[in-house]
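Structure first, commentary second.
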Amino acid sequence: MTLSFGPYELRHWTAALSLALFATAGASADALLFRDVNVVDVRNGRVLEGRAVRIEGERIVDIVADSEVAVDSEDVVIDGGGSYLAPGLMDMHYHLMVEEHATLNMLRGVTTIRNMWGNPQTLAWKAAVEEGTLAGARIITAGAVIDGSPAIQAGPELTDPEGAELFVLGQKRAGYDFVKTYSRLTPDVFAAILDAGRRHHMQVAGHVPQDVPMLDAIRGGMRTSEHLAGVLWAVARDRTLANPSLAAFDDRAKALLTRIAAGEVSTDDYIDTQRVQELARVARKEGHWFVPTIRVMRNFTTDPVPWMEGIEGFFKPSMRPFIGIMKQGSIAETYFELSEAEQRAEDIHLRLQREALLALHEAGAPILAGTDSYPAGAGWVLVDEMLSMHKLGIPVADVIRSATLEPARYLQMEGELGEVRPGAIADLVLLSGNPLQDLTVLKAPRSVVKAGQLYSETRINEMLEDIETSLTAKTD
């Protein structure tokens with residue numbers, strides 16, 4: 001039984017396997033056998049040419065030279081026609097708004113998402129994916145974001161360190177995977193959350209609060225930090241400068257950026273390379289990853305995130321009124337109400353953040369790819385984030401690892417996820433070209449395998465149409 005993904009057609013079937021296998025989530029069988037594929041080895045940044053990859057159940061069981069493979073009569077054989085087989089991508093900063101977006105991620109090649117703000121409905125979607133009743137990306141999720149007072153986003157506020165224990169324990173008992181912290185937590189409350197997280201084996205990730213030094217957060221056990229918040233404060237040569245992060249919500253940061261934009265504070269030697277080295281060393285030692293989301297941070301600047309054509313039909317109803325603003329690229333002016341001068345200051349801030357990110361990478365800091373942008377652009381937007389990282393000067397192999405192998409390490413699932421290797425869960429994408437040479441091929445997978453379930457190109461297109469129809473009919 002052979003499926004061909006060269007000319008994208010079914011070569012032949014037997015009665016034991018019919019097109020009905022594609023009528024629901026995807027094709028499943030005792031064994032899938034990809035033939036004539038070039039395996040992308042993300043760990044070593046190379047391609048293993050002319051391979052055959054066998055999948056049994058949800059696991060990859062063998063990878064051999066295609067010329068040496070033994071084909072069982074009951075195998076479902078997929079003729080790759082020289083295509084490239086790579087691990088599914090992982091978006092480590094996503095906001096899941098509707099269940100259809102879990103499916104949308106998977107169909108576009110993102111097989112795992114880390115949801116940064118969840119609720120009981122998110123937990124239900126997570127369980128449905130795990131049970132197989134919802135075809136979608138694997139979901140790792142936080143619960144409600146915890147902030148100080150006044151909270152930047154609507155959600156719980158915590159101002160007393162004694163309340164940290166109850167909050168962390170409540171999040172764990174509810175079934176969330178980690179606690180997400182936000183920017184206005186005071187240092188004593190944040191420290192109490194980290195301490196409670198250690199005692200109850202509950203990871204803490206999110207925003208490093210404005211008044212908490214980055215090194216303190218990392219040494220205290222924070223697993224990831226988002227948006228590079230606090231990084232420039234940590235690596236600034238001048239230790240008297242304020243934290244420039246989140247100036248839209250912090251007057252001290254806004255004042256500093258205004259001075260920088262006016263030329264009152266030089267940016268020529270703003271970053272201290274020795275401090276960068278120390279930050280990277282401590283992050284490696286303590287098991288901390290930086291999630292830069294550099295693409296979405298453009299929304300604060302005079303060069304906002306460009307609109308992604310083809311995603312209009314994938315928005316949830318409450319977000320549709322904002323599509324016009326997104327297309328115009330006026331989010332900073334309209335949503336954050338930044339003046340032109342403040343946006344110019346943010347331009348400089350973004351440039352410094354990018355310099356810091358590149359310096360951290362060169363110093364060996366662990367980095368995860370995450371989007372925080374356009375949930376309707378699931379999959380595509382992650383590739384755009386990866387392209388943005390590569391444009392800074394990060395080698396393409398390292399960029400790919402930030403969305404595959406590094407997330408697996410962060411999730412403590414190295415060897416289970418993020419690689420095409422025997423024993424790993426079969427989360428795979430079949431690509432027309434080599435992503436180590438051209439990241440854009442990741443935007444159009446020829447087929448997707450999620451935990452051993454095969455989704456052909458035809459089935460992917462059918463499911464995308466179904467999702468768009470479903471979302472168009474939805475009302476909040």
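Naming works like this for the structure tokens: A, B, ... for the chains as they're shown, residue 1 at the start of each chain, ligands 1 onward in shown order.
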
Exercise. Pick out the residues sitting within 10 Å of Pro445 of chain A, and hand them over as a ChimeraX atom specification; count only C-alpha atoms, and ignore anything fewer than 5 positions along from it in its own chain.
Key: /A:84-86,88,107-109,428-433,456-457,460

Exercise. Show which residues sit within 10 Å of Trp380 of chain A, as an NGL selection string. Count only C-alpha atoms, and ignore same-chain residues fewer than 4 positions away.
Key: :A and (105 or 108-110 or 308 or 311 or 371 or 374-376 or 384-386 or 440 or 442-444)

Exercise. Identify which of the residues A:Gly197, A:Gly423, A:Gly136, A:Pro317 lies closest to Glu165 of chain A, counting only C-alpha atoms when measuring atom-to-atom distances.
Key: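 Smallest distance to Glu165 of chain A is found for A:Gly197.
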
Can you check which parts of segment 325-416 of chain A lie within 9 Å of segment 245-259 of chain A? Per residue, the shortest pair of atoms and distance in Å to one decimal, counting only C-alpha atoms, sorted by chain and number, as a Markdown table.
```
| residue | atom | partner | partner_atom | distance |
| --- | --- | --- | --- | --- |
| A:Phe336 | CA | A:Ala248 | CA | 6.6 |
| A:Glu337 | CA | A:Ala248 | CA | 8.4 |
| A:Leu338 | CA | A:Ala248 | CA | 7.4 |
| A:Ala341 | CA | A:Thr258 | CA | 7.8 |
| A:Glu342 | CA | A:Thr258 | CA | 6.8 |
| A:Arg344 | CA | A:Thr258 | CA | 8.9 |
| A:Ala345 | CA | A:Leu257 | CA | 5.4 |
| A:Glu346 | CA | A:Leu257 | CA | 7.2 |
| A:Ile348 | CA | A:Leu257 | CA | 8.1 |
| A:His349 | CA | A:Leu257 | CA | 7.2 |
```

Considering only C-alpha atoms, return as a PDB file with N, CA and C atoms, in the first residue's frame whatever protein or nucleic-acid residues lie within 9 Å of Gln343 of chain A, sequence-local ones (same chain, fewer than 3 positions apart) excluded.
```
ATOM      1  N   PHE A 300       4.979  47.789  19.048  1.00  0.00           N
ATOM      2  CA  PHE A 300       5.172  49.019  19.807  1.00  0.00           C
ATOM      3  C   PHE A 300       5.885  50.094  18.987  1.00  0.00           C
ATOM      4  N   THR A 301       6.356  49.747  17.810  1.00  0.00           N
ATOM      5  CA  THR A 301       7.260  50.617  17.067  1.00  0.00           C
ATOM      6  C   THR A 301       6.589  51.254  15.847  1.00  0.00           C
ATOM      7  N   THR A 302       7.390  52.042  15.130  1.00  0.00           N
ATOM      8  CA  THR A 302       6.903  52.653  13.891  1.00  0.00           C
ATOM      9  C   THR A 302       6.988  51.682  12.719  1.00  0.00           C
ATOM     10  N   ALA A 332       0.280  50.310  17.836  1.00  0.00           N
ATOM     11  CA  ALA A 332       0.895  51.100  18.909  1.00  0.00           C
ATOM     12  C   ALA A 332       0.125  52.391  19.139  1.00  0.00           C
ATOM     13  N   GLU A 333      -0.211  53.075  18.067  1.00  0.00           N
ATOM     14  CA  GLU A 333      -0.920  54.348  18.170  1.00  0.00           C
ATOM     15  C   GLU A 333      -2.351  54.162  18.661  1.00  0.00           C
ATOM     16  N   LEU A 338       0.396  55.231  21.986  1.00  0.00           N
ATOM     17  CA  LEU A 338       1.733  55.814  22.020  1.00  0.00           C
ATOM     18  C   LEU A 338       1.808  56.991  21.053  1.00  0.00           C
ATOM     19  N   SER A 339       2.492  58.020  21.473  1.00  0.00           N
ATOM     20  CA  SER A 339       2.736  59.152  20.582  1.00  0.00           C
ATOM     21  C   SER A 339       3.806  58.783  19.570  1.00  0.00           C
ATOM     22  N   GLU A 340       3.985  59.608  18.550  1.00  0.00           N
ATOM     23  CA  GLU A 340       5.025  59.339  17.559  1.00  0.00           C
ATOM     24  C   GLU A 340       6.394  59.308  18.217  1.00  0.00           C
ATOM     25  N   GLU A 346      10.540  53.483  21.158  1.00  0.00           N
ATOM     26  CA  GLU A 346      10.406  52.034  21.125  1.00  0.00           C
ATOM     27  C   GLU A 346      11.210  51.424  19.977  1.00  0.00           C
ATOM     28  N   ASP A 347      11.392  52.174  18.894  1.00  0.00           N
ATOM     29  CA  ASP A 347      12.246  51.695  17.803  1.00  0.00           C
ATOM     30  C   ASP A 347      13.657  51.424  18.315  1.00  0.00           C
ATOM     31  N   ILE A 348      14.165  52.362  19.105  1.00  0.00           N
ATOM     32  CA  ILE A 348      15.506  52.205  19.656  1.00  0.00           C
ATOM     33  C   ILE A 348      15.533  51.043  20.644  1.00  0.00           C
TER      34      ILE A 348
END
```

Exercise. Please return as a PyMOL selection string: the residues of segment 193-321 of chain A that backbone DSSP assigns to alpha helix (DSSP H).
Key: chain A and resi 193-199+214-219+231-235+251-261+273-286

Quiz item: Ala205 of chain A: which residues within 6 Å, counting only C-alpha atoms, same-chain residues fewer than 5 positions away excluded, as a list in words?
Solution: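 The residues satisfying every condition are Lys180, Met222, Arg223 and Thr224 of chain A.
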
Exercise. Just the residues within 6 Å of segment 63-75 of chain A, please, counting only C-alpha atoms, with nothing from its chain fewer than 4 positions along; format it as a PyMOL selection string.
Key: chain A and resi 31-32+36+50-53

Quiz item: Which neighbours of segment 116-118 of chain A fall inside 7 Å, counting only C-alpha atoms, when residues of the same chain fewer than 4 positions from it are skipped, and could you give them as JSON, numbers by chain?
Solution: {"A": [93, 94, 95, 122, 141, 142, 143, 144, 145, 180]}
